[in-house]
Amino acid sequence: MRPDIKLDSVWMSGLGWLRESISFPTPQSQTNTIVVPGRNSPIRYTEALGRVSYQPRSFEIILSMLGTREQFNQKVSAVVNPFAGHLVKVVCSEEPGLYAIGTLEMSPAYDPLTRKGQLTVSCSDGDSYRYHVNETVVTVTGGGNVILDNDYMPVVPVITATAETALGWQIGTDTFQKSVSPGTWEFPEMELQAGRNVVSVTGNGTVTFRYREGCL
């Protein structure tokens, strides 16, 4: 399968572009250190809030084509007009289940001697995490323990209940209890961690947990 790239819902190969190269590095952590005279190691604040925060994701994609200047201009217009300067979801064909999101900038260049055109697609303000294309949806009817598996990114699920329901869960050594009426709810303290999360559900209705997972 030829490597491809998708911007929102458009595959670049369908517009006549070949994905020549891609640089998609892991975002750097937000680090802050203080060097104290007399200490052999600095004071590090990278995890001062209990977890690592990351800088915006930067990436670069180079697309190429062979043809006349007129053909190049047409292909550039098909990409630049709808996507340049816009917040766009970017999907690599190697990992079709994940997308990055950021503002795209375009830089075209054409060599008349080789009849080769290139379009550099770059981003410097992308979200640190890549998100799952499909949301995770878990539904339980009649109560019980619900297993909510989550990727690396912490996320708070949106909860929809059809009847009066009691929820219980534990994060670390802290336990939480919530009673909800029919409707849609979101509790910041129900932040799903990486791996398996267990929530107890007591009630006769249907409860749905909906969340989008993410990873670096």
# chains A, B, ... in the order shown; residues from 1 in each chain; ligands from 1
call {"tool": "closest_atom_pairs", "arguments": {"of": "region 52-99 of chain A", "to": "region 120-124 of chain A", "cutoff": "9 Å", "atoms": "only C-alpha atoms", "output": "Markdown table"}}
result
| residue | atom | partner | partner_atom | distance |
| --- | --- | --- | --- | --- |
| A:Pro56 | CA | A:Ser124 | CA | 6.9 |
| A:Arg57 | CA | A:Ser124 | CA | 6.3 |
| A:Ser58 | CA | A:Ser124 | CA | 4.3 |
| A:Phe59 | CA | A:Cys123 | CA | 5.4 |
| A:Glu60 | CA | A:Ser122 | CA | 4.3 |
| A:Ile61 | CA | A:Val121 | CA | 5.0 |
| A:Ile62 | CA | A:Thr120 | CA | 4.5 |
| A:Leu63 | CA | A:Thr120 | CA | 6.3 |
| A:Ser64 | CA | A:Thr120 | CA | 8.7 |
| A:Ala84 | CA | A:Val121 | CA | 8.7 |
call {"tool": "write_last_selection", "arguments": {"atoms": "C-alpha atoms", "output": "compact mmCIF listing (two decimals), in the first residue's frame"}}
result
# COMPACT_ATOMS: atom_id res chain seq x y z
CA PRO A 56 2.23 21.87 20.88
CA ARG A 57 2.90 19.21 18.27
CA SER A 58 4.86 20.23 15.18
CA PHE A 59 4.98 18.17 11.99
CA GLU A 60 5.83 18.48 8.31
CA ILE A 61 4.55 16.60 5.27
CA ILE A 62 6.04 16.88 1.77
CA LEU A 63 3.80 16.06 -1.18
CA SER A 64 5.12 15.82 -4.74
CA ALA A 84 -4.32 26.54 4.32
call {"tool": "residues_around", "arguments": {"residues": "Val198 (chain A)", "least_positions_apart": "6", "cutoff": "10 Å", "atoms": "only C-alpha atoms", "output": "PyMOL selection string"}}
result
chain A and resi 145-149+168-171+192
call {"tool": "write_last_selection", "arguments": {"atoms": "N, CA, C and O atoms", "output": "mmCIF file, in the first residue's frame"}}
result
data_model
loop_
_atom_site.group_PDB
_atom_site.id
_atom_site.type_symbol
_atom_site.label_atom_id
_atom_site.label_comp_id
_atom_site.auth_asym_id
_atom_site.auth_seq_id
_atom_site.Cartn_x
_atom_site.Cartn_y
_atom_site.Cartn_z
ATOM 1 N N ASN A 145 -20.849 -3.490 37.377
ATOM 2 C CA ASN A 145 -19.557 -2.825 37.219
ATOM 3 C C ASN A 145 -19.247 -2.645 35.738
ATOM 4 O O ASN A 145 -19.347 -3.593 34.953
ATOM 5 N N VAL A 146 -18.860 -1.440 35.374
ATOM 6 C CA VAL A 146 -18.546 -1.110 33.985
ATOM 7 C C VAL A 146 -17.036 -0.937 33.854
ATOM 8 O O VAL A 146 -16.418 -0.220 34.646
ATOM 9 N N ILE A 147 -16.445 -1.598 32.869
ATOM 10 C CA ILE A 147 -15.013 -1.474 32.590
ATOM 11 C C ILE A 147 -14.835 -0.434 31.483
ATOM 12 O O ILE A 147 -15.344 -0.608 30.374
ATOM 13 N N LEU A 148 -14.123 0.642 31.793
ATOM 14 C CA LEU A 148 -13.833 1.683 30.818
ATOM 15 C C LEU A 148 -12.329 1.666 30.525
ATOM 16 O O LEU A 148 -11.532 2.174 31.311
ATOM 17 N N ASP A 149 -11.962 1.036 29.425
ATOM 18 C CA ASP A 149 -10.553 0.995 29.027
ATOM 19 C C ASP A 149 -10.192 2.300 28.325
ATOM 20 O O ASP A 149 -10.959 2.810 27.494
ATOM 21 N N GLY A 168 -20.377 5.009 41.257
ATOM 22 C CA GLY A 168 -19.283 4.969 42.213
ATOM 23 C C GLY A 168 -17.985 4.587 41.508
ATOM 24 O O GLY A 168 -17.986 3.733 40.626
ATOM 25 N N TRP A 169 -16.903 5.250 41.892
ATOM 26 C CA TRP A 169 -15.609 4.934 41.288
ATOM 27 C C TRP A 169 -14.490 5.356 42.215
ATOM 28 O O TRP A 169 -14.702 6.079 43.205
ATOM 29 N N GLN A 170 -13.298 4.927 41.886
ATOM 30 C CA GLN A 170 -12.134 5.210 42.724
ATOM 31 C C GLN A 170 -10.968 5.650 41.847
ATOM 32 O O GLN A 170 -10.713 5.080 40.789
ATOM 33 N N ILE A 171 -10.279 6.715 42.303
ATOM 34 C CA ILE A 171 -9.064 7.181 41.637
ATOM 35 C C ILE A 171 -7.976 7.245 42.688
ATOM 36 O O ILE A 171 -8.050 8.049 43.621
ATOM 37 N N LEU A 192 -10.707 9.512 33.504
ATOM 38 C CA LEU A 192 -10.204 8.172 33.222
ATOM 39 C C LEU A 192 -8.704 8.213 33.002
ATOM 40 O O LEU A 192 -8.192 9.031 32.240
#
call {"tool": "residues_around", "arguments": {"residues": "region 206-211 of chain A", "least_positions_apart": "4", "cutoff": "6 Å", "atoms": "only C-alpha atoms", "output": "PyMOL selection string"}}
result
chain A and resi 135-141+157-162
call {"tool": "write_last_selection", "arguments": {"atoms": "C-alpha atoms", "output": "mmCIF file, in the first residue's frame"}}
result
data_model
loop_
_atom_site.group_PDB
_atom_site.id
_atom_site.type_symbol
_atom_site.label_atom_id
_atom_site.label_comp_id
_atom_site.auth_asym_id
_atom_site.auth_seq_id
_atom_site.Cartn_x
_atom_site.Cartn_y
_atom_site.Cartn_z
ATOM 1 C CA GLU A 135 -15.287 7.618 20.004
ATOM 2 C CA THR A 136 -15.422 4.917 22.656
ATOM 3 C CA VAL A 137 -18.985 4.146 23.719
ATOM 4 C CA VAL A 138 -19.804 1.780 26.603
ATOM 5 C CA THR A 139 -23.412 1.052 27.580
ATOM 6 C CA VAL A 140 -24.832 -0.831 30.563
ATOM 7 C CA THR A 141 -28.443 -1.618 31.404
ATOM 8 C CA PRO A 157 -16.449 10.736 29.815
ATOM 9 C CA VAL A 158 -19.859 12.145 28.990
ATOM 10 C CA ILE A 159 -22.507 10.127 30.844
ATOM 11 C CA THR A 160 -26.088 9.717 29.670
ATOM 12 C CA ALA A 161 -28.624 8.108 32.020
ATOM 13 C CA THR A 162 -32.219 7.167 31.226
#
call {"tool": "atom_distance", "arguments": {"atom1": "CA of Arg212 (chain A)", "atom2": "CA of Asp125 (chain A)"}}
result
20.4 Å
call {"tool": "select_by_dssp", "arguments": {"residues": "region 39-173 of chain A", "states": "helix (DSSP H, G or I)", "output": "mmCIF file with N, CA, C and O atoms, in the first residue's frame"}}
result
data_model
loop_
_atom_site.group_PDB
_atom_site.id
_atom_site.type_symbol
_atom_site.label_atom_id
_atom_site.label_comp_id
_atom_site.auth_asym_id
_atom_site.auth_seq_id
_atom_site.Cartn_x
_atom_site.Cartn_y
_atom_site.Cartn_z
ATOM 1 N N ARG A 69 3.512 23.034 -15.262
ATOM 2 C CA ARG A 69 3.235 24.080 -14.274
ATOM 3 C C ARG A 69 1.722 24.264 -14.084
ATOM 4 O O ARG A 69 1.261 24.450 -12.968
ATOM 5 N N GLU A 70 0.962 24.167 -15.156
ATOM 6 C CA GLU A 70 -0.488 24.322 -15.046
ATOM 7 C C GLU A 70 -1.095 23.212 -14.193
ATOM 8 O O GLU A 70 -1.960 23.461 -13.344
ATOM 9 N N GLN A 71 -0.641 21.975 -14.410
ATOM 10 C CA GLN A 71 -1.136 20.862 -13.593
ATOM 11 C C GLN A 71 -0.758 21.054 -12.123
ATOM 12 O O GLN A 71 -1.558 20.785 -11.224
ATOM 13 N N PHE A 72 0.469 21.519 -11.893
ATOM 14 C CA PHE A 72 0.923 21.774 -10.520
ATOM 15 C C PHE A 72 0.048 22.830 -9.856
ATOM 16 O O PHE A 72 -0.391 22.658 -8.709
ATOM 17 N N ASN A 73 -0.210 23.915 -10.574
ATOM 18 C CA ASN A 73 -1.030 24.978 -9.987
ATOM 19 C C ASN A 73 -2.427 24.481 -9.632
ATOM 20 O O ASN A 73 -2.996 24.865 -8.606
ATOM 21 N N GLN A 74 -2.985 23.632 -10.474
ATOM 22 C CA GLN A 74 -4.318 23.093 -10.205
ATOM 23 C C GLN A 74 -4.316 22.212 -8.961
ATOM 24 O O GLN A 74 -5.214 22.298 -8.118
ATOM 25 N N LYS A 75 -3.285 21.376 -8.835
ATOM 26 C CA LYS A 75 -3.209 20.489 -7.667
ATOM 27 C C LYS A 75 -2.953 21.284 -6.390
ATOM 28 O O LYS A 75 -3.485 20.944 -5.325
ATOM 29 N N VAL A 76 -2.119 22.315 -6.483
ATOM 30 C CA VAL A 76 -1.873 23.162 -5.308
ATOM 31 C C VAL A 76 -3.158 23.844 -4.868
ATOM 32 O O VAL A 76 -3.488 23.866 -3.678
ATOM 33 N N SER A 77 -3.901 24.386 -5.813
ATOM 34 C CA SER A 77 -5.147 25.072 -5.476
ATOM 35 C C SER A 77 -6.141 24.143 -4.787
ATOM 36 O O SER A 77 -6.862 24.548 -3.878
ATOM 37 N N ALA A 78 -6.159 22.860 -5.216
ATOM 38 C CA ALA A 78 -7.097 21.898 -4.635
ATOM 39 C C ALA A 78 -6.796 21.610 -3.174
ATOM 40 O O ALA A 78 -7.676 21.164 -2.430
ATOM 41 N N VAL A 79 -5.544 21.861 -2.743
ATOM 42 C CA VAL A 79 -5.172 21.631 -1.348
ATOM 43 C C VAL A 79 -5.131 22.935 -0.557
ATOM 44 O O VAL A 79 -5.639 23.015 0.557
ATOM 45 N N VAL A 80 -4.546 23.963 -1.153
ATOM 46 C CA VAL A 80 -4.339 25.216 -0.432
ATOM 47 C C VAL A 80 -5.658 25.916 -0.122
ATOM 48 O O VAL A 80 -5.883 26.393 1.005
ATOM 49 N N ASN A 81 -6.545 25.991 -1.104
ATOM 50 C CA ASN A 81 -7.782 26.745 -0.892
ATOM 51 C C ASN A 81 -8.619 26.237 0.278
ATOM 52 O O ASN A 81 -9.066 27.025 1.112
ATOM 53 N N PRO A 82 -8.860 24.921 0.405
ATOM 54 C CA PRO A 82 -9.706 24.475 1.520
ATOM 55 C C PRO A 82 -8.980 24.282 2.847
ATOM 56 O O PRO A 82 -9.625 24.230 3.896
ATOM 57 N N PHE A 83 -7.629 24.171 2.836
ATOM 58 C CA PHE A 83 -6.948 23.757 4.063
ATOM 59 C C PHE A 83 -5.939 24.758 4.627
ATOM 60 O O PHE A 83 -5.666 24.722 5.824
#
call {"tool": "closest_atom_pairs", "arguments": {"of": "region 103-141 of chain A", "to": "region 9-33 of chain A", "cutoff": "10 Å", "atoms": "only C-alpha atoms", "output": "CSV"}}
result
residue,atom,partner,partner_atom,distance
A:Gly117,CA,A:Trp17,CA,9.6
A:Gln118,CA,A:Glu20,CA,8.9
A:Leu119,CA,A:Trp17,CA,9.0
A:Thr120,CA,A:Ser21,CA,9.6
A:Val121,CA,A:Ile22,CA,9.4
A:Ser122,CA,A:Ser23,CA,9.4
A:Gly126,CA,A:Pro27,CA,9.3
A:Asp127,CA,A:Pro27,CA,9.1
A:Ser128,CA,A:Pro27,CA,6.1
A:Tyr129,CA,A:Pro27,CA,8.4
call {"tool": "select_by_dssp", "arguments": {"residues": "region 106-151 of chain A", "states": "strand (DSSP E or B)", "output": "ChimeraX atom specification"}}
result
/A:106-111,116-126,130-132,136-141,144-150
call {"tool": "residues_around", "arguments": {"residues": "Lys116 (chain A)", "least_positions_apart": "2", "cutoff": "6 Å", "atoms": "only C-alpha atoms", "output": "VMD selection string"}}
result
chain A and resid 65 to 66 110 to 111 114
call {"tool": "write_last_selection", "arguments": {"atoms": "C-alpha atoms", "output": "PDB file, in the first residue's frame"}}
result
ATOM      1  CA  MET A  65       3.902  15.423  -8.316  1.00  0.00           C
ATOM      2  CA  LEU A  66       5.263  15.356 -11.877  1.00  0.00           C
ATOM      3  CA  TYR A 110       7.995  23.922  -8.724  1.00  0.00           C
ATOM      4  CA  ASP A 111      11.131  23.048 -10.736  1.00  0.00           C
ATOM      5  CA  THR A 114      12.600  18.366 -13.772  1.00  0.00           C
TER       6      THR A 114
END
call {"tool": "decode", "arguments": {"residues": "region 133-175 of chain A", "atoms": "C-alpha atoms", "output": "compact mmCIF listing (two decimals), in the first residue's frame"}}
result
# COMPACT_ATOMS: atom_id res chain seq x y z
CA VAL A 133 -11.01 8.58 15.03
CA ASN A 134 -13.89 6.70 16.61
CA GLU A 135 -15.29 7.62 20.00
CA THR A 136 -15.42 4.92 22.66
CA VAL A 137 -18.99 4.15 23.72
CA VAL A 138 -19.80 1.78 26.60
CA THR A 139 -23.41 1.05 27.58
CA VAL A 140 -24.83 -0.83 30.56
CA THR A 141 -28.44 -1.62 31.40
CA GLY A 142 -29.67 -2.63 34.82
CA GLY A 143 -26.53 -1.83 36.82
CA GLY A 144 -23.25 -3.58 37.54
CA ASN A 145 -19.56 -2.83 37.22
CA VAL A 146 -18.55 -1.11 33.99
CA ILE A 147 -15.01 -1.47 32.59
CA LEU A 148 -13.83 1.68 30.82
CA ASP A 149 -10.55 0.99 29.03
CA ASN A 150 -8.63 4.12 28.10
CA ASP A 151 -5.53 4.93 26.07
CA TYR A 152 -2.71 7.13 27.44
CA MET A 153 -4.49 10.52 27.45
CA PRO A 154 -6.61 11.31 30.56
CA VAL A 155 -10.20 11.99 29.55
CA VAL A 156 -13.53 12.75 31.23
CA PRO A 157 -16.45 10.74 29.82
CA VAL A 158 -19.86 12.14 28.99
CA ILE A 159 -22.51 10.13 30.84
CA THR A 160 -26.09 9.72 29.67
CA ALA A 161 -28.62 8.11 32.02
CA THR A 162 -32.22 7.17 31.23
CA ALA A 163 -33.29 6.77 34.88
CA GLU A 164 -32.19 7.65 38.41
CA THR A 165 -28.73 6.11 38.77
CA ALA A 166 -26.00 5.90 41.41
CA LEU A 167 -22.37 5.91 40.25
CA GLY A 168 -19.28 4.97 42.21
CA TRP A 169 -15.61 4.93 41.29
CA GLN A 170 -12.13 5.21 42.72
CA ILE A 171 -9.06 7.18 41.64
CA GLY A 172 -5.96 6.27 43.58
CA THR A 173 -7.03 6.20 47.22
CA ASP A 174 -9.99 8.55 46.69
CA THR A 175 -13.51 7.17 46.27
